[in-house]
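Peer 1: Got a structure for you, start_2.txt, holding compact mmCIF, C-alpha atoms and all ligand atoms.
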```txt
# COMPACT_ATOMS: atom_id res chain seq x y z
CA MET A 5 177.79 169.82 -5.81
CA ARG A 6 179.19 167.47 -8.48
CA ASP A 7 175.94 165.47 -8.51
CA THR A 8 173.85 168.64 -8.61
CA ILE A 9 175.75 169.96 -11.65
CA LEU A 10 175.44 166.58 -13.35
CA LYS A 11 171.70 166.54 -12.67
CA GLU A 12 171.28 170.08 -14.09
CA LEU A 13 173.14 169.10 -17.28
CA TRP A 14 171.22 165.85 -17.51
CA GLN A 15 167.87 167.65 -17.20
CA TYR A 16 168.75 169.66 -20.32
CA LYS A 17 168.75 166.35 -22.26
CA GLY A 18 171.37 167.13 -24.87
CA GLU A 19 170.76 170.93 -24.97
CA TYR A 20 173.42 173.49 -24.03
CA ILE A 21 173.23 175.40 -20.76
CA SER A 22 175.45 178.43 -20.25
CA GLY A 23 178.05 178.64 -17.50
CA ASN A 24 176.36 181.83 -16.27
CA GLU A 25 172.99 180.14 -15.92
CA LEU A 26 174.51 177.14 -14.13
CA ALA A 27 176.39 179.48 -11.79
CA ALA A 28 173.21 181.46 -11.02
CA ARG A 29 171.11 178.35 -10.42
CA LEU A 30 173.65 176.81 -8.08
CA GLY A 31 174.75 180.02 -6.36
CA ILE A 32 178.43 179.53 -7.19
CA SER A 33 180.90 181.39 -9.42
CA ARG A 34 181.43 180.61 -13.12
CA VAL A 35 184.99 179.57 -12.31
CA ALA A 36 183.67 177.09 -9.74
CA VAL A 37 181.24 175.72 -12.36
CA TRP A 38 184.13 175.32 -14.81
CA LYS A 39 186.22 173.48 -12.18
CA HIS A 40 183.39 171.06 -11.41
CA ILE A 41 182.79 170.44 -15.12
CA GLU A 42 186.49 169.69 -15.62
CA ALA A 43 186.37 167.26 -12.67
CA LEU A 44 183.32 165.52 -14.16
CA LYS A 45 185.10 165.22 -17.52
CA GLU A 46 188.11 163.80 -15.70
CA GLU A 47 185.84 161.17 -14.13
CA GLY A 48 184.77 160.14 -17.63
CA TYR A 49 181.56 162.09 -18.33
CA ASP A 50 181.27 163.24 -21.93
CA ILE A 51 180.54 166.96 -21.59
CA LYS A 52 180.96 169.28 -24.56
CA GLY A 53 181.78 172.95 -23.92
CA ILE A 54 181.33 175.58 -26.63
CA SER A 55 182.18 179.19 -25.88
CA GLY A 56 179.11 181.41 -26.14
CA LYS A 57 176.79 178.39 -25.83
CA GLY A 58 177.80 176.66 -22.63
CA TYR A 59 177.93 173.01 -21.65
CA CYS A 60 176.09 169.96 -22.91
CA LEU A 61 176.07 166.43 -21.47
CA GLN A 62 176.16 163.81 -24.24
CA ASN A 63 174.27 160.53 -24.31
CA THR A 64 171.93 161.27 -21.39
CA ASP A 65 170.00 157.97 -21.68
CA ASN A 66 173.12 156.10 -20.62
CA ILE A 67 173.77 158.22 -17.53
CA ILE A 68 172.39 157.39 -14.14
CA ILE A 69 171.69 160.14 -11.64
CA SER A 70 171.80 158.72 -8.11
CA SER A 71 169.08 160.97 -6.74
CA GLU A 72 166.67 159.98 -9.54
CA ILE A 73 167.03 156.29 -8.65
CA ALA A 74 166.65 156.99 -4.94
CA GLU A 75 163.46 159.01 -5.58
CA ARG A 76 161.89 156.35 -7.80
CA LEU A 77 162.76 153.23 -5.80
CA LYS A 78 160.17 152.09 -3.28
CA ASN A 79 162.45 149.41 -1.79
CA HIS A 80 163.12 149.13 1.94
CA LEU A 81 166.67 147.76 1.57
CA ILE A 82 168.03 147.45 -1.96
CA GLY A 83 169.21 150.83 -3.27
CA LYS A 84 168.91 152.67 0.05
CA GLN A 85 172.17 154.26 -1.02
CA VAL A 86 172.97 154.64 -4.74
CA ILE A 87 176.40 155.78 -5.87
CA SER A 88 176.72 156.49 -9.58
CA LEU A 89 180.16 156.77 -11.17
CA ALA A 90 181.37 157.35 -14.73
CA LYS A 91 184.32 155.08 -15.45
CA VAL A 92 185.68 152.55 -12.94
CA ASP A 93 187.87 149.44 -12.92
CA SER A 94 185.11 147.17 -11.69
CA THR A 95 182.07 148.08 -9.58
CA ASN A 96 182.72 144.97 -7.43
CA GLN A 97 186.20 146.30 -6.72
CA VAL A 98 184.87 149.77 -5.87
CA CYS A 99 182.20 148.20 -3.66
CA LYS A 100 184.80 146.16 -1.73
CA GLN A 101 186.96 149.24 -1.27
CA MET A 102 183.97 151.19 0.02
CA ILE A 103 183.17 148.38 2.49
CA THR A 104 186.74 148.59 3.80
CA ASN A 105 186.47 152.38 4.07
CA LYS A 106 183.08 152.01 5.81
CA GLN A 107 181.51 154.29 3.19
CA ILE A 108 178.53 152.04 2.49
CA THR A 109 176.10 149.82 4.36
CA GLU A 110 173.86 146.91 3.44
CA GLY A 111 171.64 147.64 0.44
CA ALA A 112 174.07 150.08 -1.20
CA VAL A 113 174.30 150.00 -5.00
CA ILE A 114 177.39 151.15 -6.90
CA VAL A 115 176.69 151.71 -10.59
CA ALA A 116 179.09 152.79 -13.32
CA SER A 117 178.66 153.88 -16.95
CA GLU A 118 181.76 151.97 -18.02
CA GLN A 119 184.17 149.42 -16.53
CA VAL A 120 187.70 149.14 -17.84
CA ASN A 121 188.42 145.93 -15.94
CA GLY A 122 185.00 144.26 -15.64
CA LYS A 123 185.28 140.79 -14.10
CA GLY A 124 183.46 137.57 -14.80
CA ARG A 125 183.72 134.40 -12.71
CA LEU A 126 187.06 132.59 -12.30
CA GLY A 127 189.05 135.63 -13.41
CA ARG A 128 187.31 135.86 -16.78
CA LYS A 129 186.86 139.22 -18.47
CA TRP A 130 183.49 141.00 -18.65
CA ASP A 131 183.11 143.49 -21.53
CA SER A 132 181.54 146.64 -20.10
CA PRO A 133 181.30 149.45 -22.67
CA SER A 134 179.07 152.49 -22.26
CA GLY A 135 175.38 151.65 -22.79
CA GLY A 136 175.30 148.72 -20.36
CA LEU A 137 174.18 148.51 -16.79
CA TRP A 138 177.13 147.58 -14.59
CA PHE A 139 176.42 147.57 -10.88
CA SER A 140 177.23 145.95 -7.56
CA LEU A 141 175.04 145.53 -4.56
CA LEU A 142 176.12 145.00 -0.94
CA LEU A 143 174.18 142.47 1.15
CA SER A 144 174.71 140.84 4.53
CA PRO A 145 172.36 137.85 4.34
CA THR A 146 171.40 136.06 7.53
CA VAL A 147 171.38 132.59 5.99
CA PRO A 148 173.57 129.58 6.80
CA VAL A 149 176.82 129.51 4.79
CA SER A 150 175.66 126.27 3.12
CA GLU A 151 172.73 128.15 1.55
CA LEU A 152 174.79 131.02 0.11
CA PRO A 153 175.28 129.34 -3.31
CA LEU A 154 171.49 129.55 -3.69
CA LEU A 155 171.83 133.33 -3.94
CA SER A 156 173.19 132.90 -7.48
CA LEU A 157 169.96 131.22 -8.50
CA VAL A 158 167.84 133.74 -6.58
CA PHE A 159 169.41 136.75 -8.32
CA SER A 160 169.23 135.16 -11.76
CA ILE A 161 165.46 134.73 -11.33
CA ALA A 162 165.19 138.40 -10.28
CA VAL A 163 167.29 139.71 -13.18
CA SER A 164 165.45 137.62 -15.73
CA ASN A 165 162.08 138.81 -14.32
CA GLY A 166 163.21 142.44 -14.43
CA LEU A 167 164.44 142.21 -18.02
CA SER A 168 161.30 140.65 -19.46
CA LYS A 169 159.50 143.98 -19.00
CA PHE A 170 161.85 145.37 -21.69
CA THR A 171 162.43 142.31 -23.87
CA HIS A 172 158.68 141.36 -23.93
CA VAL A 173 159.68 137.73 -24.20
CA PRO A 174 160.87 135.72 -21.21
CA CYS A 175 164.60 135.43 -20.60
CA GLN A 176 166.11 132.02 -19.86
CA ILE A 177 168.67 131.04 -17.26
CA LYS A 178 171.81 128.98 -17.67
CA TRP A 179 172.68 127.47 -14.29
CA PRO A 180 173.71 128.89 -11.96
CA ASN A 181 173.33 132.55 -12.90
CA ASP A 182 173.67 133.49 -16.56
CA VAL A 183 170.68 135.19 -18.12
CA TYR A 184 170.04 134.38 -21.78
CA LEU A 185 167.75 135.73 -24.45
CA GLU A 186 167.04 133.68 -27.56
CA GLY A 187 170.20 131.62 -27.13
CA LYS A 188 172.60 134.48 -26.34
CA LYS A 189 173.86 135.84 -23.03
CA ILE A 190 172.27 139.14 -22.04
CA ALA A 191 173.33 139.37 -18.38
CA GLY A 192 175.82 137.85 -15.96
CA ILE A 193 176.15 137.78 -12.19
CA LEU A 194 179.30 137.57 -10.08
CA LEU A 195 178.98 136.85 -6.36
CA GLU A 196 181.91 137.61 -4.09
CA LEU A 197 181.81 136.70 -0.40
CA SER A 198 183.81 138.06 2.48
CA GLY A 199 183.81 137.49 6.21
CA GLU A 200 185.30 135.38 8.98
CA LEU A 201 185.41 131.58 9.20
CA ASP A 202 182.34 131.46 11.42
CA GLY A 203 180.13 133.43 9.07
CA ILE A 204 179.89 135.44 5.89
CA GLU A 205 179.56 139.11 6.63
CA ASN A 206 179.26 140.61 3.19
CA VAL A 207 178.12 139.46 -0.19
CA VAL A 208 178.96 141.67 -3.14
CA VAL A 209 176.53 140.91 -5.96
CA GLY A 210 177.92 142.18 -9.27
CA ILE A 211 175.43 142.33 -12.10
CA GLY A 212 176.10 143.19 -15.73
CA ILE A 213 173.24 143.74 -18.18
CA ASN A 214 173.67 144.52 -21.87
CA VAL A 215 171.09 147.24 -22.47
CA ASN A 216 171.86 149.71 -25.30
CA ILE A 217 174.94 147.99 -26.71
CA LYS A 218 175.40 147.06 -30.37
CA SER A 219 176.61 143.54 -31.08
CA ASN A 220 179.95 144.72 -32.50
CA HIS A 221 180.89 145.87 -28.96
CA LEU A 222 180.02 142.49 -27.43
CA PRO A 223 181.47 138.98 -27.61
CA GLU A 224 179.99 136.58 -30.18
CA ILE A 225 177.95 134.70 -27.57
CA ALA A 226 176.25 137.88 -26.28
CA THR A 227 173.20 139.96 -27.08
CA SER A 228 171.60 143.12 -25.67
CA ILE A 229 168.10 144.49 -25.20
CA TYR A 230 168.86 146.90 -28.06
CA GLU A 231 169.89 144.07 -30.41
CA HIS A 232 166.72 142.19 -29.55
CA SER A 233 164.22 145.05 -29.80
CA SER A 234 166.01 147.63 -32.02
CA GLN A 235 165.12 150.13 -29.31
CA SER A 236 167.16 151.98 -26.69
CA PHE A 237 165.99 152.25 -23.11
CA LYS A 238 166.91 154.61 -20.31
CA LEU A 239 169.41 152.77 -18.12
CA ALA A 240 167.68 154.26 -15.06
CA ASP A 241 164.38 152.56 -16.04
CA VAL A 242 166.06 149.17 -16.35
CA LEU A 243 167.98 149.63 -13.09
CA VAL A 244 164.85 150.59 -11.11
CA GLU A 245 162.91 147.59 -12.45
CA VAL A 246 165.74 145.12 -11.77
CA LEU A 247 166.40 146.47 -8.25
CA GLN A 248 162.69 146.14 -7.45
CA GLN A 249 162.67 142.55 -8.64
CA ILE A 250 165.84 141.81 -6.67
CA GLU A 251 164.30 143.08 -3.45
CA LYS A 252 161.07 141.16 -4.07
CA ILE A 253 162.71 137.80 -4.84
CA TYR A 254 165.41 138.22 -2.16
CA ASP A 255 162.72 138.95 0.45
CA GLU A 256 160.82 135.83 -0.63
CA PHE A 257 164.02 133.80 -0.28
CA LEU A 258 164.80 135.16 3.21
CA THR A 259 161.22 134.61 4.39
CA ASN A 260 160.27 131.27 2.83
CA GLY A 261 163.57 129.72 1.74
CA PHE A 262 164.46 128.48 -1.74
CA SER A 263 161.84 125.73 -2.18
CA PRO A 264 159.03 128.03 -3.40
CA LEU A 265 161.44 129.62 -5.93
CA LEU A 266 162.78 126.31 -7.26
CA ASP A 267 159.96 125.77 -9.76
CA ARG A 268 160.44 129.27 -11.14
CA PHE A 269 164.14 128.60 -11.60
CA LYS A 270 163.46 125.26 -13.27
CA SER A 271 160.94 126.69 -15.71
CA ALA A 272 163.45 129.36 -16.81
CA CYS A 273 166.43 126.99 -16.98
CA PHE A 274 166.87 126.13 -20.67
CA HIS A 275 169.08 123.05 -20.29
CA LEU A 276 166.84 121.10 -17.95
CA GLY A 277 166.18 117.75 -19.68
CA ALA A 278 169.04 118.29 -22.14
CA GLU A 279 172.35 116.48 -22.47
CA ILE A 280 174.97 118.72 -20.89
CA GLN A 281 178.59 118.84 -19.91
CA VAL A 282 179.73 120.61 -16.74
CA GLN A 283 183.32 121.76 -16.67
CA GLN A 284 184.75 121.88 -13.13
CA GLY A 285 188.36 122.97 -13.52
CA GLU A 286 190.06 119.99 -15.20
CA LYS A 287 187.12 117.71 -14.43
CA LYS A 288 184.12 117.19 -16.73
CA VAL A 289 180.74 115.70 -15.86
CA SER A 290 178.50 114.70 -18.78
CA GLY A 291 174.99 113.35 -18.95
CA ILE A 292 171.32 114.24 -18.97
CA ASN A 293 170.38 117.12 -16.67
CA THR A 294 167.34 115.45 -15.14
CA ASP A 295 166.65 117.88 -12.28
CA ILE A 296 167.76 120.70 -9.99
CA ASP A 297 167.49 119.86 -6.30
CA GLU A 298 166.41 121.89 -3.26
CA MET A 299 170.04 122.84 -2.62
CA GLY A 300 170.22 124.32 -6.13
CA ARG A 301 172.50 121.51 -7.39
CA LEU A 302 172.30 120.16 -10.92
CA VAL A 303 171.24 116.52 -10.97
CA ILE A 304 172.98 114.75 -13.86
CA ASP A 305 172.30 111.22 -15.04
CA THR A 306 175.78 110.11 -16.16
CA ALA A 307 177.14 106.77 -17.44
CA GLU A 308 178.35 106.16 -13.84
CA GLY A 309 174.97 106.97 -12.27
CA ILE A 310 173.41 110.09 -10.76
CA VAL A 311 175.87 112.90 -9.96
CA LYS A 312 174.95 116.17 -8.22
CA VAL A 313 177.07 119.21 -9.00
CA SER A 314 177.20 122.49 -7.16
CA THR A 315 179.82 124.38 -9.21
CA GLY A 316 181.01 124.56 -12.80
CA ASP A 317 180.26 125.85 -16.28
CA VAL A 318 177.42 124.24 -18.22
CA SER A 319 177.41 123.66 -21.95
CA ILE A 320 174.77 121.83 -23.93
CA ILE A 321 176.11 118.89 -25.92
C1 LIG B 401 179.69 136.39 -15.50
O1 LIG B 401 180.86 135.70 -15.52
O2 LIG B 401 178.77 136.23 -16.25
C2 LIG B 401 179.64 137.47 -14.44
C3 LIG B 401 179.60 138.85 -15.02
C4 LIG B 401 179.44 139.89 -13.95
C5 LIG B 401 179.64 141.26 -14.49
C6 LIG B 401 179.32 142.32 -13.44
S1 LIG B 401 179.28 143.92 -14.12
C7 LIG B 401 179.23 144.63 -12.56
C8 LIG B 401 180.16 143.82 -11.68
N1 LIG B 401 181.50 144.30 -11.75
C9 LIG B 401 182.34 143.41 -12.32
O3 LIG B 401 183.55 143.59 -12.52
N2 LIG B 401 181.66 142.29 -12.64
C10 LIG B 401 180.27 142.39 -12.26
P1 LIG B 401 181.12 134.40 -16.39
O4 LIG B 401 179.99 133.45 -16.20
O5 LIG B 401 182.49 133.97 -16.01
O6 LIG B 401 181.07 134.91 -17.87
C11 LIG B 401 182.18 135.53 -18.47
C12 LIG B 401 182.11 135.22 -19.96
O7 LIG B 401 180.97 135.89 -20.54
C13 LIG B 401 183.31 135.75 -20.74
O8 LIG B 401 184.33 134.77 -20.75
C14 LIG B 401 182.74 135.99 -22.12
O9 LIG B 401 182.67 134.80 -22.86
C15 LIG B 401 181.30 136.39 -21.82
N3 LIG B 401 181.14 137.86 -21.78
C16 LIG B 401 182.03 138.83 -21.53
N4 LIG B 401 181.45 140.04 -21.52
C17 LIG B 401 180.13 139.82 -21.80
C18 LIG B 401 179.00 140.68 -21.94
N5 LIG B 401 179.07 142.00 -21.79
N6 LIG B 401 177.81 140.08 -22.23
C19 LIG B 401 177.69 138.75 -22.36
N7 LIG B 401 178.72 137.90 -22.24
C20 LIG B 401 179.93 138.44 -21.96
```
As structure tokens, how would this structure be written, given the file I've shared?
Ligand code: BT5
Peer 2:
Amino acid sequence: MRDTILKELWQYKGEYISGNELAARLGISRVAVWKHIEALKEEGYDIKGISGKGYCLQNTDNIIISSEIAERLKNHLIGKQVISLAKVDSTNQVCKQMITNKQITEGAVIVASEQVNGKGRLGRKWDSPSGGLWFSLLLSPTVPVSELPLLSLVFSIAVSNGLSKFTHVPCQIKWPNDVYLEGKKIAGILLELSGELDGIENVVVGIGINVNIKSNHLPEIATSIYEHSSQSFKLADVLVEVLQQIEKIYDEFLTNGFSPLLDRFKSACFHLGAEIQVQQGEKKVSGINTDIDEMGRLVIDTAEGIVKVSTGDVSII
């Protein structure tokens, strides 16, 4: 019922709808409508109520209605189940909790309007105000554990493909999985694995995309589609496009392996050929990034010879 009420309000696109009309449409009492509205407000939805006028959902472009995504997606796996929430700690956290509670299965997408404790890699913070696309996807890939790090590269290709429809210029990738636009970070990906020693059961793919966010709500190094194009987009449109690209590229990876995708990754990777430094905890590796190999490792020509790295944070010197 909560989703149905939200959808009714959302369809009014910023107009007021009276409690009586909502009650009649949904076949429930006005008191029941009021209770559901209060619960939605509690969850974090911005709903204004004016006596004599009714209720109005604010900022409809930034709200995702699960059933709309499900109806529009033509995917066979990704987004089979879409759960849309208002304000959460972190969608990765919610996703992991839902796995434990057996509430979701492979392909499920958990999306939130806002995260109060958004996470980056290595415990870093991810700013997630309203206007961004913050979601997590549950996968159970049937690939050898040694190939799982390639998923970072696979998803960054998919996200960068999906975003170019809105940015109209190609996005770049910073290895392994940061998506950049004109020198600033527009999206980030956080992969979390869980399972037993003999195999990974679940991969939670957390993706954050700065869509309709102004730069004053983002860190210095970041940008958004809005900042780039001076235009707002419906979050649902961006989500549908990105999920379609994810399914397409992920299917290619499962069917043909990473080799056919490697060239696409290399042509989007903006530090290939540049002098870089890779920070790996306390350790630093510096040199020319001459290549990326079939295992997705950075090949670096250092003063001590060729070094291949599979983890770390890249910066251009
Ligand atoms: C990432 O980490 O880039 C992974 C970000 C994943 C976020 C998604 S949102 C949905 C899901 N739920 C979560 O809780 N997380 C995932 P990393 O490479 O460690 O980058 C973190 C760094 O990016 C920070 O230290 C900041 O410098 C910068 N940063 C923080 N918020 C940002 C934003 N909104 N846009 C661009 N850069 C940001």
Peer 1: Could you state the separation of atom CA of Ile108 of chain A and atom CA of Val86 of chain A in Å, given to one decimal place?
Peer 2: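 A separation of 9.5 Å between them.
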Peer 1: With all atoms listed in the file as the basis for distance, which of A:Glu256, A:Asp182, A:Asp7, A:Asp241 is at the shortest distance from ligand LIG 401 (chain B)?
Peer 2: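 Among the listed residues, the smallest separation from ligand LIG 401 (chain B) belongs to A:Asp182.
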Peer 1: Between A:Ile32, A:Leu89, A:Ile21, A:Leu155, single out the one closest to Leu266 of chain A, counting all atoms listed in the file.
Peer 2: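 Distance minimum relative to Leu266 of chain A lands on A:Leu155.
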Peer 1: Enumerate as an MDAnalysis selection string the residues within 7 Å of ligand LIG 401 (chain B), counting all atoms listed in the file.
Peer 2: chainID A and resid 94:97 121:126 128:132 138:140 182 189:194 210:212 214 222:223 225:227
Peer 1: At a cut-off of 10 Å, using only C-alpha atoms, what residues contact Ser71 of chain A? Leave out same-chain residues fewer than 4 positions from it and give the result as a list in words.
Peer 2: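 My list of contacting residues is Asp7, Thr8, Lys11, Glu75, Arg76, Gln85, Val86, Ile87 and Ser88 of chain A.
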Peer 1: Write the residues of the preceding selection, restricted to C-alpha atoms, as a PDB file, in the frame of the given file.
Peer 2:
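Done, and the output landed in again.pdb:
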```pdb
ATOM      1  CA  ASP A   7     175.940 165.470  -8.510  1.00  0.00           C
ATOM      2  CA  THR A   8     173.850 168.640  -8.610  1.00  0.00           C
ATOM      3  CA  LYS A  11     171.700 166.540 -12.670  1.00  0.00           C
ATOM      4  CA  GLU A  75     163.460 159.010  -5.580  1.00  0.00           C
ATOM      5  CA  ARG A  76     161.890 156.350  -7.800  1.00  0.00           C
ATOM      6  CA  GLN A  85     172.170 154.260  -1.020  1.00  0.00           C
ATOM      7  CA  VAL A  86     172.970 154.640  -4.740  1.00  0.00           C
ATOM      8  CA  ILE A  87     176.400 155.780  -5.870  1.00  0.00           C
ATOM      9  CA  SER A  88     176.720 156.490  -9.580  1.00  0.00           C
TER      10      SER A  88
END
```
Peer 1: Can you tell me, as a PDB file with C-alpha atoms, keeping the file's coordinate frame, what residues are no more than 12 Å from Met5 of chain A when counting all atoms listed in the file, ignoring any on the same chain fewer than 6 positions away?
Peer 2:
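Contents of out_2.pdb, freshly written:
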```
ATOM      1  CA  LYS A  11     171.700 166.540 -12.670  1.00  0.00           C
ATOM      2  CA  GLU A  12     171.280 170.080 -14.090  1.00  0.00           C
ATOM      3  CA  LEU A  26     174.510 177.140 -14.130  1.00  0.00           C
ATOM      4  CA  ALA A  27     176.390 179.480 -11.790  1.00  0.00           C
ATOM      5  CA  ARG A  29     171.110 178.350 -10.420  1.00  0.00           C
ATOM      6  CA  LEU A  30     173.650 176.810  -8.080  1.00  0.00           C
ATOM      7  CA  GLY A  31     174.750 180.020  -6.360  1.00  0.00           C
ATOM      8  CA  ILE A  32     178.430 179.530  -7.190  1.00  0.00           C
ATOM      9  CA  ALA A  36     183.670 177.090  -9.740  1.00  0.00           C
ATOM     10  CA  VAL A  37     181.240 175.720 -12.360  1.00  0.00           C
ATOM     11  CA  LYS A  39     186.220 173.480 -12.180  1.00  0.00           C
ATOM     12  CA  HIS A  40     183.390 171.060 -11.410  1.00  0.00           C
ATOM     13  CA  ILE A  41     182.790 170.440 -15.120  1.00  0.00           C
ATOM     14  CA  ALA A  43     186.370 167.260 -12.670  1.00  0.00           C
ATOM     15  CA  LEU A  44     183.320 165.520 -14.160  1.00  0.00           C
TER      16      LEU A  44
END
```
Peer 1: Given only C-alpha atoms as the basis, pick out the residue of A:Asp255, A:Glu231, A:Glu308, A:Glu151 nearest to Lys188 of chain A.
Peer 2: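 So, comparing all the options, the nearest one is A:Glu231.
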Peer 1: Tell me, as a list in words, which residues lie within 12 Å of Ala74 of chain A, counting all atoms listed in the file; anything in the same chain fewer than 2 positions away does not count.
Peer 2: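 The residues satisfying every condition are Ile68, Ile69, Ser70, Ser71, Glu72, Arg76, Leu77, Lys78, Asn79, His80, Leu81, Ile82, Gly83, Lys84, Gln85, Val86, Ile87, Ser88, Gly111, Ala112, Val113, Ala240, Leu243, Val244, Leu247 and Gln248 of chain A.
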Peer 1: Find the distance between atom CA of Ser233 of chain A and atom CA of Phe269 of chain A and write it in Å to one decimal.
Peer 2: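 Pair atom CA of Ser233 of chain A / atom CA of Phe269 of chain A returns 24.5 Å.
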Peer 1: Taking all atoms listed in the file into account, which of A:Glu245, A:Glu25, A:Glu118, A:Asp317 comes nearest Tyr49 of chain A?
Peer 2: A:Glu118
Peer 1: Between atom CA of Ser160 of chain A and atom CA of Thr306 of chain A, what distance in Å does the model show, to one decimal?
Peer 2: 26.3 Å
Peer 1: Measuring atom to atom with only C-alpha atoms, identify which of A:Asn216, A:Lys178, A:Asp295, A:Ile103 is nearest to Gly316 of chain A.
Peer 2: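 Checking each candidate against Gly316 of chain A, we get A:Lys178 as the closest.
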Peer 1: Counting only C-alpha atoms, figure out which residue out of A:Ser228, A:Ser219, A:Val313, A:Ile161 gets nearest to Phe262 of chain A.
Peer 2: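 Under the stated criterion, the closest residue is A:Ile161.
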Peer 1: Would you kindly return, as a list in words, each protein, DNA or RNA residue with an atom no farther than 12 Å from any atom of Ser168 of chain A, considering all atoms listed in the file and excluding same-chain residues fewer than 3 positions away?
Peer 2: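 Listing them by chain and then by number gives Ile161, Ala162, Val163, Ser164, Asn165, Thr171, His172, Val173, Pro174, Cys175, Gln176, Val183, Tyr184, Leu185, Ile190, Ile229, His232, Ser233, Val242, Glu245, Val246, Gln249 and Ala272 of chain A.
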Peer 1: Show which residues sit within 12 Å of Glu42 of chain A, as a list in words. Count only C-alpha atoms, and ignore same-chain residues fewer than 4 positions away.
Peer 2: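 That gives Arg6, Ile9, Leu10, Val35, Ala36, Val37, Trp38, Glu46, Glu47, Gly48, Tyr49, Asp50, Ile51, Lys52, Gly53 and Tyr59 of chain A.
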Peer 1: Keeping only C-alpha atoms, write the selected residues to a file as an mmCIF file, keeping the file's coordinate frame.
Peer 2:
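Just written: selection.cif:
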```cif
data_model
loop_
_atom_site.group_PDB
_atom_site.id
_atom_site.type_symbol
_atom_site.label_atom_id
_atom_site.label_comp_id
_atom_site.auth_asym_id
_atom_site.auth_seq_id
_atom_site.Cartn_x
_atom_site.Cartn_y
_atom_site.Cartn_z
ATOM 1 C CA ARG A 6 179.190 167.470 -8.480
ATOM 2 C CA ILE A 9 175.750 169.960 -11.650
ATOM 3 C CA LEU A 10 175.440 166.580 -13.350
ATOM 4 C CA VAL A 35 184.990 179.570 -12.310
ATOM 5 C CA ALA A 36 183.670 177.090 -9.740
ATOM 6 C CA VAL A 37 181.240 175.720 -12.360
ATOM 7 C CA TRP A 38 184.130 175.320 -14.810
ATOM 8 C CA GLU A 46 188.110 163.800 -15.700
ATOM 9 C CA GLU A 47 185.840 161.170 -14.130
ATOM 10 C CA GLY A 48 184.770 160.140 -17.630
ATOM 11 C CA TYR A 49 181.560 162.090 -18.330
ATOM 12 C CA ASP A 50 181.270 163.240 -21.930
ATOM 13 C CA ILE A 51 180.540 166.960 -21.590
ATOM 14 C CA LYS A 52 180.960 169.280 -24.560
ATOM 15 C CA GLY A 53 181.780 172.950 -23.920
ATOM 16 C CA TYR A 59 177.930 173.010 -21.650
#
```
Peer 1: Got a moment to write segment 86-120 of chain A out with C-alpha atoms, as a PDB file, in the first residue's frame?
Peer 2:
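result_38.pdb written:
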```
ATOM      1  CA  VAL A  86      13.790  -3.352  -7.320  1.00  0.00           C
ATOM      2  CA  ILE A  87      13.449  -2.003  -3.800  1.00  0.00           C
ATOM      3  CA  SER A  88      13.323   1.770  -3.519  1.00  0.00           C
ATOM      4  CA  LEU A  89      13.890   3.444  -0.162  1.00  0.00           C
ATOM      5  CA  ALA A  90      14.034   7.074   0.978  1.00  0.00           C
ATOM      6  CA  LYS A  91      16.871   7.511   3.460  1.00  0.00           C
ATOM      7  CA  VAL A  92      19.227   4.682   4.469  1.00  0.00           C
ATOM      8  CA  ASP A  93      22.641   4.254   6.089  1.00  0.00           C
ATOM      9  CA  SER A  94      24.189   2.659   3.032  1.00  0.00           C
ATOM     10  CA  THR A  95      22.464   0.646   0.293  1.00  0.00           C
ATOM     11  CA  ASN A  96      25.316  -1.925   0.489  1.00  0.00           C
ATOM     12  CA  GLN A  97      24.534  -2.363   4.168  1.00  0.00           C
ATOM     13  CA  VAL A  98      20.797  -2.730   3.493  1.00  0.00           C
ATOM     14  CA  CYS A  99      21.551  -5.191   0.692  1.00  0.00           C
ATOM     15  CA  LYS A 100      23.725  -7.352   2.979  1.00  0.00           C
ATOM     16  CA  GLN A 101      21.043  -7.315   5.664  1.00  0.00           C
ATOM     17  CA  MET A 102      18.433  -8.367   3.110  1.00  0.00           C
ATOM     18  CA  ILE A 103      20.686 -11.228   1.949  1.00  0.00           C
ATOM     19  CA  THR A 104      20.931 -12.430   5.554  1.00  0.00           C
ATOM     20  CA  ASN A 105      17.152 -12.158   5.950  1.00  0.00           C
ATOM     21  CA  LYS A 106      16.669 -13.990   2.622  1.00  0.00           C
ATOM     22  CA  GLN A 107      14.535 -11.093   1.366  1.00  0.00           C
ATOM     23  CA  ILE A 108      16.297 -10.777  -1.987  1.00  0.00           C
ATOM     24  CA  THR A 109      17.765 -12.998  -4.685  1.00  0.00           C
ATOM     25  CA  GLU A 110      20.333 -12.547  -7.433  1.00  0.00           C
ATOM     26  CA  GLY A 111      19.652  -9.517  -9.622  1.00  0.00           C
ATOM     27  CA  ALA A 112      17.928  -7.492  -6.878  1.00  0.00           C
ATOM     28  CA  VAL A 113      18.578  -3.747  -6.825  1.00  0.00           C
ATOM     29  CA  ILE A 114      18.273  -1.639  -3.670  1.00  0.00           C
ATOM     30  CA  VAL A 115      18.123   2.073  -4.425  1.00  0.00           C
ATOM     31  CA  ALA A 116      17.878   4.979  -1.995  1.00  0.00           C
ATOM     32  CA  SER A 117      17.244   8.724  -2.378  1.00  0.00           C
ATOM     33  CA  GLU A 118      19.800   9.556   0.293  1.00  0.00           C
ATOM     34  CA  GLN A 119      22.503   7.750   2.292  1.00  0.00           C
ATOM     35  CA  VAL A 120      23.587   9.073   5.654  1.00  0.00           C
TER      36      VAL A 120
END
```
